[in-house]
>>> print(open('structure-v8.csv').read())   # CSV, C-alpha atoms and all ligand atoms
chain,number,residue,atom,x,y,z
A,64,MET,CA,0.0,0.0,0.0
A,65,TYR,CA,2.8,2.4,0.8
A,66,CYS,CA,5.6,3.4,-1.6
A,67,LEU,CA,8.6,1.2,-0.5
A,68,ALA,CA,11.1,3.6,-1.9
A,69,GLY,CA,9.5,6.4,0.1
A,70,ASP,CA,9.6,4.4,3.4
A,71,GLU,CA,13.2,3.4,2.7
A,72,ALA,CA,14.1,7.1,2.2
A,73,VAL,CA,12.3,8.0,5.5
A,74,ARG,CA,14.3,5.3,7.3
A,75,ALA,CA,17.5,6.7,5.9
A,76,THR,CA,16.8,10.1,7.5
A,77,ASN,CA,17.9,8.4,10.7
A,78,ASP,CA,21.4,7.8,9.4
A,79,ASP,CA,21.6,11.4,8.4
A,80,ALA,CA,20.3,12.7,11.8
A,81,SER,CA,22.7,10.4,13.7
A,82,GLU,CA,25.7,11.5,11.6
A,83,CYS,CA,24.9,15.1,12.2
A,84,LYS,CA,24.6,14.5,15.9
A,85,ARG,CA,27.9,12.6,15.9
A,86,CYS,CA,29.7,15.4,14.0
A,87,ALA,CA,28.4,18.1,16.4
A,88,VAL,CA,29.2,16.1,19.5
A,89,ASN,CA,32.7,15.4,18.3
A,90,LEU,CA,33.3,19.1,17.7
A,91,GLY,CA,32.3,19.7,21.3
A,92,TYR,CA,28.8,21.3,20.9
A,93,TRP,CA,27.4,19.0,23.6
A,94,GLN,CA,28.3,15.8,25.4
A,95,ASP,CA,27.1,12.4,24.3
A,96,LYS,CA,29.3,9.4,25.2
A,97,PHE,CA,27.1,7.0,23.3
A,98,ILE,CA,26.4,8.3,19.8
A,99,ASN,CA,29.6,7.0,18.4
A,100,PHE,CA,28.5,3.4,19.2
A,101,PHE,CA,25.6,3.7,16.8
A,102,ILE,CA,26.9,5.5,13.8
A,103,LYS,CA,30.2,5.8,11.9
A,104,ALA,CA,31.6,9.2,11.3
A,105,GLY,CA,30.3,10.9,8.2
A,106,GLU,CA,31.4,14.1,6.5
A,107,ARG,CA,31.9,17.2,8.6
A,108,LYS,CA,28.7,19.2,8.6
A,109,ALA,CA,28.4,23.0,8.0
A,110,PRO,CA,28.5,25.2,11.2
A,111,GLU,CA,24.9,26.2,10.9
A,112,ILE,CA,23.8,22.6,10.8
A,113,ASN,CA,25.9,21.9,13.9
A,114,ARG,CA,24.5,24.9,15.7
A,115,GLY,CA,20.9,23.9,14.7
A,116,TYR,CA,21.4,20.4,16.1
A,117,TYR,CA,22.8,21.9,19.3
A,118,ALA,CA,19.8,24.2,19.8
A,119,ARG,CA,17.4,21.4,19.2
A,120,CYS,CA,19.1,18.7,21.4
A,121,THR,CA,19.7,21.2,24.2
A,122,ALA,CA,16.2,22.6,24.2
A,123,VAL,CA,14.6,19.1,24.0
A,124,SER,CA,16.8,17.9,26.9
A,125,LEU,CA,16.0,20.9,29.0
A,126,LEU,CA,12.2,20.3,28.6
A,127,ILE,CA,12.6,16.6,29.4
A,128,GLU,CA,14.7,17.3,32.5
A,129,LYS,CA,12.2,19.9,33.7
A,130,PHE,CA,9.3,17.4,33.2
A,131,LEU,CA,11.2,14.7,35.1
A,132,LEU,CA,11.9,17.1,37.9
A,133,LYS,CA,8.3,18.1,38.2
A,134,ALA,CA,6.8,14.6,37.9
A,135,GLY,CA,9.6,12.7,39.7
A,136,ALA,CA,11.8,10.7,37.3
A,137,GLU,CA,11.3,7.4,39.0
A,138,GLN,CA,7.5,7.6,38.5
A,139,CYS,CA,7.7,8.7,34.9
A,140,GLN,CA,7.8,6.8,31.6
A,141,ILE,CA,9.2,8.1,28.3
A,142,LEU,CA,7.9,7.1,24.9
A,143,ASN,CA,10.2,8.1,22.0
A,144,PHE,CA,8.4,7.8,18.6
A,145,GLY,CA,10.6,7.4,15.5
A,146,ALA,CA,13.5,7.2,18.0
A,147,GLY,CA,16.1,6.2,15.4
A,148,PHE,CA,19.5,5.9,17.1
A,149,ASP,CA,18.7,8.4,19.8
A,150,THR,CA,20.8,8.0,22.9
A,151,LEU,CA,18.5,9.7,25.4
A,152,TYR,CA,18.0,6.6,27.6
A,153,TRP,CA,21.8,6.3,28.1
A,154,ARG,CA,22.3,10.0,28.5
A,155,LEU,CA,19.6,10.3,31.2
A,156,LYS,CA,20.9,7.3,33.0
A,157,SER,CA,24.5,8.5,33.1
A,158,ASN,CA,23.1,11.9,34.5
A,159,GLY,CA,21.4,10.0,37.3
A,160,HIS,CA,17.8,10.1,35.9
A,161,ILE,CA,16.5,6.6,36.2
A,162,VAL,CA,12.9,6.5,34.9
A,163,LYS,CA,10.2,4.0,35.6
A,164,ASN,CA,10.1,2.9,31.9
A,165,PHE,CA,11.5,4.0,28.6
A,166,ILE,CA,10.0,2.8,25.3
A,167,GLU,CA,11.4,3.5,21.8
A,168,LEU,CA,9.5,2.9,18.6
A,169,ASP,CA,10.7,2.9,15.0
A,170,PHE,CA,10.4,0.9,11.8
A,171,PRO,CA,11.6,-2.7,12.4
A,172,THR,CA,14.6,-2.2,10.0
A,173,VAL,CA,15.8,0.7,12.2
A,174,THR,CA,15.2,-1.0,15.5
A,175,ALA,CA,16.9,-4.2,14.2
A,176,LYS,CA,20.1,-2.1,13.7
A,177,LYS,CA,19.8,-0.5,17.1
A,178,CYS,CA,19.2,-3.9,18.8
A,179,TYR,CA,22.3,-5.2,17.0
A,180,ALA,CA,24.4,-2.2,18.1
A,181,ILE,CA,23.3,-2.6,21.7
A,182,LYS,CA,23.8,-6.3,21.8
A,183,ARG,CA,27.4,-6.1,20.8
A,184,ASN,CA,28.4,-3.2,22.9
A,185,LYS,CA,29.3,-3.7,26.5
A,186,THR,CA,28.8,-0.1,27.6
A,187,LEU,CA,25.3,0.2,26.1
A,188,LEU,CA,24.3,-3.2,27.3
A,189,GLU,CA,25.5,-2.6,30.9
A,190,GLN,CA,23.2,0.4,31.2
A,191,ILE,CA,20.1,-1.5,30.3
A,192,HIS,CA,20.8,-4.5,32.5
A,193,SER,CA,19.3,-4.6,36.0
A,194,GLU,CA,19.7,-7.0,38.8
A,195,ASP,CA,16.1,-8.2,38.7
A,196,GLY,CA,15.7,-8.8,35.0
A,197,GLU,CA,17.2,-10.4,31.9
A,198,VAL,CA,17.4,-8.6,28.6
A,199,LYS,CA,15.3,-10.3,25.9
A,200,PHE,CA,16.3,-9.8,22.3
A,201,SER,CA,14.4,-10.7,19.1
A,202,PRO,CA,15.8,-9.5,15.8
A,203,THR,CA,13.8,-6.3,15.9
A,204,ASP,CA,12.8,-5.9,19.6
A,205,LEU,CA,14.5,-5.7,22.9
A,206,HIS,CA,12.9,-5.8,26.3
A,207,ALA,CA,14.8,-5.1,29.5
A,208,ALA,CA,13.6,-4.1,33.0
A,209,ASN,CA,13.0,-0.4,32.2
A,210,TYR,CA,14.1,-0.1,28.6
A,211,HIS,CA,12.1,-1.4,25.6
A,212,LEU,CA,12.9,-1.0,21.9
A,213,VAL,CA,10.2,-2.1,19.5
A,214,GLY,CA,9.9,-2.3,15.7
A,215,VAL,CA,6.5,-1.0,14.5
A,216,ASP,CA,5.1,1.2,11.8
A,217,LEU,CA,3.4,4.2,13.5
A,218,ARG,CA,0.7,4.1,10.9
A,219,GLN,CA,-0.6,0.8,12.3
A,220,LEU,CA,-2.2,1.9,15.5
A,221,SER,CA,-3.4,-1.6,16.7
A,222,GLU,CA,0.2,-2.8,16.3
A,223,VAL,CA,1.5,0.2,18.2
A,224,GLN,CA,-0.9,-0.6,21.0
A,225,LYS,CA,0.2,-4.2,21.1
A,226,LYS,CA,3.9,-3.2,21.2
A,227,LEU,CA,3.3,-0.7,24.0
A,228,ALA,CA,1.5,-3.4,26.0
A,229,ASP,CA,4.5,-5.8,25.3
A,230,SER,CA,6.7,-3.0,26.8
A,231,GLU,CA,4.7,-2.8,30.0
A,232,ILE,CA,3.3,0.7,29.5
A,233,ASP,CA,1.6,2.1,32.5
A,234,TRP,CA,-1.3,4.3,31.3
A,235,ASN,CA,-1.5,6.0,34.7
A,236,ALA,CA,2.1,7.1,35.0
A,237,PRO,CA,3.2,10.6,34.1
A,238,THR,CA,4.4,10.3,30.6
A,239,LEU,CA,6.8,12.2,28.4
A,240,LEU,CA,6.3,11.7,24.7
A,241,LEU,CA,8.9,12.6,22.1
A,242,ALA,CA,8.9,12.9,18.3
A,243,GLU,CA,11.9,14.6,16.7
A,244,CYS,CA,11.6,15.0,12.9
A,245,VAL,CA,9.2,12.1,12.7
A,246,LEU,CA,5.5,13.3,12.4
A,247,VAL,CA,6.3,15.2,9.1
A,248,TYR,CA,6.8,11.8,7.4
A,249,VAL,CA,3.5,10.3,8.4
A,250,GLU,CA,0.0,10.9,6.8
A,251,PRO,CA,-2.1,13.3,9.0
A,252,GLU,CA,-4.9,10.8,9.5
A,253,HIS,CA,-2.5,8.4,11.2
A,254,ILE,CA,-1.0,11.1,13.4
A,255,ARG,CA,-4.5,12.2,14.4
A,256,SER,CA,-5.4,8.6,15.4
A,257,LEU,CA,-2.2,8.2,17.3
A,258,LEU,CA,-2.5,11.6,19.2
A,259,SER,CA,-6.2,11.0,19.9
A,260,PHE,CA,-5.5,7.5,21.2
A,261,LEU,CA,-2.6,8.8,23.5
A,262,SER,CA,-4.6,11.7,24.9
A,263,SER,CA,-7.6,9.5,25.6
A,264,LYS,CA,-5.4,7.0,27.6
A,265,LEU,CA,-2.9,9.2,29.4
A,266,PRO,CA,-4.1,11.5,32.3
A,267,THR,CA,-0.7,13.2,32.8
A,268,ALA,CA,1.4,13.7,29.7
A,269,TYR,CA,3.7,16.1,27.9
A,270,PHE,CA,4.4,15.6,24.2
A,271,ILE,CA,7.4,17.3,22.7
A,272,ASN,CA,7.5,17.5,18.9
A,273,TYR,CA,10.4,19.0,16.9
A,274,GLU,CA,10.0,19.5,13.2
A,275,GLN,CA,9.6,22.0,10.3
A,276,VAL,CA,7.3,25.0,10.4
A,277,ASN,CA,6.6,28.0,8.1
A,278,MET,CA,6.8,25.7,5.1
A,279,GLU,CA,4.7,27.9,2.8
A,280,ASP,CA,7.2,30.7,2.2
A,281,ARG,CA,10.0,30.5,-0.4
A,282,PHE,CA,12.7,29.1,1.9
A,283,GLY,CA,10.2,26.5,3.2
A,284,GLN,CA,9.4,25.5,-0.3
A,285,ILE,CA,13.1,25.0,-1.1
A,286,MET,CA,13.6,22.9,2.0
A,287,LEU,CA,10.7,20.7,1.0
A,288,SER,CA,11.9,20.3,-2.6
A,289,ASN,CA,15.4,19.3,-1.3
A,290,LEU,CA,13.8,16.7,1.0
A,291,ARG,CA,11.5,15.4,-1.8
A,292,ALA,CA,14.5,15.1,-4.1
A,293,ARG,CA,15.9,12.5,-1.7
A,294,GLY,CA,12.7,10.5,-2.1
A,295,CYS,CA,10.9,11.5,1.2
A,296,SER,CA,7.3,12.0,0.7
A,297,LEU,CA,6.7,14.4,3.7
A,298,ALA,CA,3.1,13.1,4.0
A,299,GLY,CA,2.5,15.1,7.1
A,300,VAL,CA,3.7,18.5,6.0
A,301,ASP,CA,0.3,20.2,6.2
A,302,ALA,CA,0.7,20.4,9.9
A,303,CYS,CA,4.0,22.3,9.4
A,304,ARG,CA,2.3,25.2,7.6
A,305,ASP,CA,2.7,27.6,10.6
A,306,LEU,CA,2.8,27.7,14.4
A,307,ALA,CA,-1.1,27.6,14.6
A,308,SER,CA,-1.3,24.4,12.5
A,309,GLN,CA,1.3,22.8,14.8
A,310,GLN,CA,-0.8,23.6,17.9
A,311,ARG,CA,-4.1,22.6,16.2
A,312,ARG,CA,-2.7,19.1,15.8
A,313,PHE,CA,-2.8,18.7,19.7
A,314,LEU,CA,-5.9,20.9,20.4
A,315,ASP,CA,-8.0,18.9,17.8
A,316,THR,CA,-7.0,15.5,19.3
A,317,GLY,CA,-8.0,15.9,22.9
A,318,TRP,CA,-4.9,17.5,24.5
A,319,ASP,CA,-5.6,20.1,27.2
A,320,GLY,CA,-3.2,22.7,25.8
A,321,SER,CA,-0.4,23.3,23.3
A,322,LYS,CA,2.4,25.8,22.7
A,323,THR,CA,4.9,26.3,19.9
A,324,TRP,CA,8.1,28.2,19.6
A,325,THR,CA,10.2,28.7,16.5
A,326,MET,CA,13.9,27.7,17.0
A,327,GLU,CA,14.7,31.4,16.8
A,328,GLU,CA,12.7,31.9,20.0
A,329,VAL,CA,14.2,28.8,21.5
A,330,TRP,CA,17.8,29.9,20.7
A,331,ASN,CA,17.2,33.3,22.2
A,332,ALA,CA,15.8,31.7,25.4
A,333,LEU,CA,18.8,29.4,26.0
A,334,PRO,CA,21.2,30.6,28.7
A,335,ARG,CA,23.5,33.4,27.4
A,336,GLU,CA,26.6,31.7,28.7
A,337,ASP,CA,25.8,28.5,26.7
A,338,ARG,CA,25.2,30.5,23.5
A,339,ASN,CA,28.5,32.4,24.0
A,340,ARG,CA,30.3,29.1,24.3
A,341,ILE,CA,28.7,27.7,21.2
A,342,GLU,CA,29.4,30.8,19.1
A,343,LYS,CA,33.1,30.3,19.8
A,344,ILE,CA,33.3,26.7,18.5
A,345,GLU,CA,33.0,27.5,14.8
A,346,PHE,CA,33.0,30.7,12.9
A,347,LEU,CA,29.6,31.2,11.2
A,348,ASP,CA,29.9,32.6,7.7
A,349,GLU,CA,26.3,32.3,7.0
A,350,ASN,CA,24.4,33.9,9.9
A,351,GLU,CA,21.5,34.7,7.6
A,352,LEU,CA,21.1,31.0,6.6
A,353,LEU,CA,21.1,30.0,10.3
A,354,GLN,CA,18.4,32.5,11.1
A,355,GLN,CA,16.3,31.2,8.2
A,356,LEU,CA,16.8,27.6,9.4
A,357,PHE,CA,15.8,28.6,12.9
A,358,HIS,CA,12.7,30.3,11.5
A,359,HIS,CA,11.7,27.1,9.7
A,360,TYR,CA,12.0,24.6,12.6
A,361,CYS,CA,10.0,24.6,15.8
A,362,ILE,CA,9.3,22.8,19.1
A,363,SER,CA,5.6,22.3,19.7
A,364,VAL,CA,4.3,20.8,22.9
A,365,GLY,CA,1.0,19.4,23.9
A,366,TRP,CA,0.0,18.5,27.5
A,367,LYS,CA,-2.6,16.6,29.4
A,368,GLU,CA,-3.1,17.4,33.1
A,369,GLN,CA,-6.0,15.4,34.5
A,370,GLY,CA,-3.9,14.0,37.4
A,371,PRO,CA,-1.7,15.8,39.9
A,372,ARG,CA,-1.3,19.5,39.1
A,373,LEU,CA,2.2,19.9,37.6
A,374,SER,CA,1.7,23.2,35.8
A,375,LEU,CA,3.1,21.7,32.6
A,376,SER,CA,2.0,24.7,30.6
A,377,GLU,CA,4.7,26.7,32.3
A,378,LEU,CA,7.7,24.6,31.1
A,379,GLN,CA,10.2,26.9,29.3
A,380,PHE,CA,13.8,26.7,28.0
A,381,ASP,CA,15.4,29.2,30.4
A,382,SER,CA,17.0,28.2,33.7
A,383,GLN,CA,14.2,29.6,35.9
A,384,THR,CA,11.1,27.6,35.0
A,401,LIG,C1,14.8,12.1,10.9
A,401,LIG,S1,14.8,10.6,11.7
A,401,LIG,C2,14.8,11.1,13.4
A,401,LIG,C3,15.4,10.1,14.4
A,401,LIG,C4,15.4,10.6,15.8
A,401,LIG,N1,14.1,11.0,16.3
A,401,LIG,C5,16.4,11.8,15.9
A,401,LIG,O1,15.9,12.9,16.1
A,401,LIG,O2,17.6,11.5,15.8
A,401,LIG,C6,13.1,10.0,11.5
A,401,LIG,C7,12.8,8.7,12.2
A,401,LIG,O3,11.4,8.5,12.1
A,401,LIG,C8,11.2,7.1,11.8
A,401,LIG,N2,9.8,7.0,11.2
A,401,LIG,C9,9.3,7.8,10.3
A,401,LIG,N3,8.0,7.3,9.9
A,401,LIG,C10,7.8,6.2,10.7
A,401,LIG,C11,6.7,5.3,10.8
A,401,LIG,N4,5.7,5.4,10.1
A,401,LIG,N5,6.8,4.3,11.7
A,401,LIG,C12,8.0,4.2,12.5
A,401,LIG,N6,9.0,5.0,12.4
A,401,LIG,C13,9.0,6.0,11.5
A,401,LIG,C14,12.3,6.8,10.8
A,401,LIG,O4,12.5,5.4,10.6
A,401,LIG,C15,13.5,7.6,11.4
A,401,LIG,O5,14.2,6.8,12.3
>>> encode(input="structure-v8.csv", output="structure tokens", more="lines below")
Ligand SMILES: C[S@@+](CC[C@H](N)C(=O)[O-])C[C@H]1O[C@@H](n2cnc3c(N)ncnc32)[C@H](O)[C@@H]1O
Amino acid sequence: MYCLAGDEAVRATNDDASECKRCAVNLGYWQDKFINFFIKAGERKAPEINRGYYARCTAVSLLIEKFLLKAGAEQCQILNFGAGFDTLYWRLKSNGHIVKNFIELDFPTVTAKKCYAIKRNKTLLEQIHSEDGEVKFSPTDLHAANYHLVGVDLRQLSEVQKKLADSEIDWNAPTLLLAECVLVYVEPEHIRSLLSFLSSKLPTAYFINYEQVNMEDRFGQIMLSNLRARGCSLAGVDACRDLASQQRRFLDTGWDGSKTWTMEEVWNALPREDRNRIEKIEFLDENELLQQLFHHYCISVGWKEQGPRLSLSELQFDSQT
């Protein structure tokens, strides 16, 4: 039913994202002791790409840490949709954040590679081992005490439900949901079903979505044609029209509230000393290009707050909130 070449191209975006992260990490933008275990070094990326990845990874990590602080990490679960080779589980754990449960979902071909990388790497494997549980591997899935990696197509909601049940999801636990550069590849009707399902099941939840925005202007159209030239269909791009369309996606699917920031706003809200450090790592020839990129990516969040009052609508990128 779906164009195989298109799905293949979408899966390949994970290699690209992982290479970009590895490049920025190795240049000193931020610390990640685990990314090199998942992906080989690629070409050096342009400074504006490295800075863009820094802004996104730092901002997403800040929101996650604030959520865990409010809700109490050991009570919380994290669901990472289209997780690719994300190292969040290992980074959180090495920073002392041990969550109740952590579930990663991606296409089976991607999770198979991630399973393989974890299985043959002692450092990665050690972190998911616990005294009271064995680690179960299948070619595409991995189940450990509080870490689960499952292969599934997000467009198949009943399969997603089954995989979440296999991963011991607790529908009553405060839940942080994450999708970084994922929803844009999925047809809107499937995202609607997924978001409606999640909002109907979770009383306390915070969904962080990072992806394109302002796609209707000239720069946005060029970005889209570049992605399409690589075979990606961008089936979900309608929600990336503007900030309002990003928020509507949550508000129309049963979430209590939603907010969106362009990456320009996010960058300006990050602590000044961090931005000063980053600006010294590489000279930026193309400041105009970076500003354009920041204007065409956003973080949008949606929250559900039917349980304990955590004031999730107040989470911000600065050091105060
Ligand atoms: C650009 S990568 C981002 C990976 C990771 N979130 C990150 O930020 O590094 C997009 C990921 O979404 C996954 N993805 C896209 N559509 C999907 C679908 N229908 N089902 C499962 N995974 C999907 C791809 O396989 C890929 O790993």
>>> residues_near_ligand(input="structure-v8.csv", ligand="ligand LIG 401 (chain A)", cutoff="7 Å", atoms="only C-alpha atoms and all ligand atoms", output="list of chain:residue names")
A:Val73, A:Arg74, A:Ala75, A:Thr76, A:Asn77, A:Ala80, A:Ser81, A:Phe144, A:Gly145, A:Ala146, A:Gly147, A:Phe148, A:Asp149, A:Leu168, A:Asp169, A:Phe170, A:Val173, A:Val215, A:Asp216, A:Leu217, A:Arg218, A:Ala242, A:Glu243, A:Cys244, A:Val245, A:Leu246, A:Tyr248, A:Val249
>>> closest_residue(input="structure-v8.csv", among="A:Arg312, A:His192, A:Arg107, A:Lys96", to="Leu155 in chain A", atoms="all atoms listed in the file")
A:Lys96
>>> closest_residue(input="structure-v8.csv", among="A:Ala72, A:Phe357, A:Ser308, A:Gly159", to="Arg291 in chain A", atoms="only C-alpha atoms")
A:Ala72
>>> residues_near_point(input="structure-v8.csv", point="(7.8, 15.3, 30.9)", cutoff="6 Å", atoms="only C-alpha atoms", output="MDAnalysis selection string")
chainID A and resid 127 130:131 239 269
>>> closest_residue(input="structure-v8.csv", among="A:Phe282, A:Trp366, A:Phe165, A:Trp318", to="Phe260 in chain A", atoms="all atoms listed in the file")
A:Trp318
>>> closest_residue(input="structure-v8.csv", among="A:Ala118, A:Ile254, A:Leu151, A:Ala109", to="Asp315 in chain A", atoms="only C-alpha atoms")
A:Ile254
>>> closest_residue(input="structure-v8.csv", among="A:Thr186, A:Ser288, A:Asn339, A:Asn158", to="Tyr92 in chain A", atoms="all atoms listed in the file")
A:Asn339
>>> closest_residue(input="structure-v8.csv", among="A:Pro371, A:Gly105, A:Pro171, A:Pro110", to="Thr203 in chain A", atoms="all atoms listed in the file")
A:Pro171
>>> atom_distance(input="structure-v8.csv", atom1="CA of His160 in chain A", atom2="CA of Leu265 in chain A")
21.7 Å
>>> residues_near_point(input="structure-v8.csv", point="(11.9, -3.2, 16.9)", cutoff="6 Å", atoms="all atoms listed in the file", output="PyMOL selection string")
chain A and resi 171+174-175+203-204+212-214
>>> write_last_selection(input="structure-v8.csv", atoms="C-alpha atoms", output="CSV table (one decimal), keeping the file's coordinate frame")
chain,number,residue,atom,x,y,z
A,171,PRO,CA,11.6,-2.7,12.4
A,174,THR,CA,15.2,-1.0,15.5
A,175,ALA,CA,16.9,-4.2,14.2
A,203,THR,CA,13.8,-6.3,15.9
A,204,ASP,CA,12.8,-5.9,19.6
A,212,LEU,CA,12.9,-1.0,21.9
A,213,VAL,CA,10.2,-2.1,19.5
A,214,GLY,CA,9.9,-2.3,15.7
>>> residues_around(input="structure-v8.csv", residues="Phe313 in chain A", least_positions_apart="5", cutoff="8 Å", atoms="only C-alpha atoms", output="ChimeraX atom specification")
/A:258,318,320-321,365
>>> residues_around(input="structure-v8.csv", residues="range 226-234 of chain A", least_positions_apart="5", cutoff="10 Å", atoms="only C-alpha atoms", output="count of residues only")
31
>>> atom_distance(input="structure-v8.csv", atom1="CA of Arg183 in chain A", atom2="CA of Lys199 in chain A")
13.8 Å
>>> atom_distance(input="structure-v8.csv", atom1="CA of Trp330 in chain A", atom2="CA of Lys133 in chain A")
23.1 Å
>>> closest_atom_pairs(input="structure-v8.csv", of="range 180-286 of chain A", to="range 295-305 of chain A", cutoff="12 Å", atoms="only C-alpha atoms", output="Markdown table")
| residue | atom | partner | partner_atom | distance |
| --- | --- | --- | --- | --- |
| A:Arg218 | CA | A:Ala298 | CA | 11.6 |
| A:Cys244 | CA | A:Leu297 | CA | 10.4 |
| A:Val245 | CA | A:Gly299 | CA | 9.2 |
| A:Leu246 | CA | A:Gly299 | CA | 6.4 |
| A:Val247 | CA | A:Gly299 | CA | 4.3 |
| A:Tyr248 | CA | A:Leu297 | CA | 4.5 |
| A:Val249 | CA | A:Gly299 | CA | 5.1 |
| A:Glu250 | CA | A:Ala298 | CA | 4.7 |
| A:Pro251 | CA | A:Gly299 | CA | 5.3 |
| A:Glu252 | CA | A:Gly299 | CA | 8.9 |
| A:His253 | CA | A:Gly299 | CA | 9.3 |
| A:Ile254 | CA | A:Gly299 | CA | 8.2 |
| A:Arg255 | CA | A:Gly299 | CA | 10.5 |
| A:Asn272 | CA | A:Cys303 | CA | 11.2 |
| A:Tyr273 | CA | A:Cys303 | CA | 10.4 |
| A:Glu274 | CA | A:Cys303 | CA | 7.6 |
| A:Gln275 | CA | A:Cys303 | CA | 5.7 |
| A:Val276 | CA | A:Cys303 | CA | 4.4 |
| A:Asn277 | CA | A:Asp305 | CA | 4.6 |
| A:Met278 | CA | A:Arg304 | CA | 5.2 |
| A:Glu279 | CA | A:Arg304 | CA | 6.0 |
| A:Asp280 | CA | A:Arg304 | CA | 9.1 |
| A:Gly283 | CA | A:Arg304 | CA | 9.1 |
| A:Gln284 | CA | A:Arg304 | CA | 10.6 |
| A:Met286 | CA | A:Leu297 | CA | 11.1 |
>>> write_last_selection(input="structure-v8.csv", atoms="C-alpha atoms", output="short mmCIF file (atom, residue, chain, number, x, y, z; two decimals), in the coordinates of the input")
data_model
loop_
_atom_site.label_atom_id
_atom_site.label_comp_id
_atom_site.auth_asym_id
_atom_site.auth_seq_id
_atom_site.Cartn_x
_atom_site.Cartn_y
_atom_site.Cartn_z
CA ARG A 218 0.70 4.10 10.90
CA CYS A 244 11.60 15.00 12.90
CA VAL A 245 9.20 12.10 12.70
CA LEU A 246 5.50 13.30 12.40
CA VAL A 247 6.30 15.20 9.10
CA TYR A 248 6.80 11.80 7.40
CA VAL A 249 3.50 10.30 8.40
CA GLU A 250 0.00 10.90 6.80
CA PRO A 251 -2.10 13.30 9.00
CA GLU A 252 -4.90 10.80 9.50
CA HIS A 253 -2.50 8.40 11.20
CA ILE A 254 -1.00 11.10 13.40
CA ARG A 255 -4.50 12.20 14.40
CA ASN A 272 7.50 17.50 18.90
CA TYR A 273 10.40 19.00 16.90
CA GLU A 274 10.00 19.50 13.20
CA GLN A 275 9.60 22.00 10.30
CA VAL A 276 7.30 25.00 10.40
CA ASN A 277 6.60 28.00 8.10
CA MET A 278 6.80 25.70 5.10
CA GLU A 279 4.70 27.90 2.80
CA ASP A 280 7.20 30.70 2.20
CA GLY A 283 10.20 26.50 3.20
CA GLN A 284 9.40 25.50 -0.30
CA MET A 286 13.60 22.90 2.00
#
>>> residues_around(input="structure-v8.csv", residues="range 84-86 of chain A", least_positions_apart="6", cutoff="8 Å", atoms="all atoms listed in the file", output="mmCIF file with C-alpha atoms, in the coordinates of the input")
data_model
loop_
_atom_site.group_PDB
_atom_site.id
_atom_site.type_symbol
_atom_site.label_atom_id
_atom_site.label_comp_id
_atom_site.auth_asym_id
_atom_site.auth_seq_id
_atom_site.Cartn_x
_atom_site.Cartn_y
_atom_site.Cartn_z
ATOM 1 C CA ILE A 98 26.400 8.300 19.800
ATOM 2 C CA ASN A 99 29.600 7.000 18.400
ATOM 3 C CA ILE A 102 26.900 5.500 13.800
ATOM 4 C CA ALA A 104 31.600 9.200 11.300
ATOM 5 C CA GLY A 105 30.300 10.900 8.200
ATOM 6 C CA GLU A 106 31.400 14.100 6.500
ATOM 7 C CA ARG A 107 31.900 17.200 8.600
ATOM 8 C CA LYS A 108 28.700 19.200 8.600
ATOM 9 C CA ASN A 113 25.900 21.900 13.900
ATOM 10 C CA TYR A 116 21.400 20.400 16.100
#
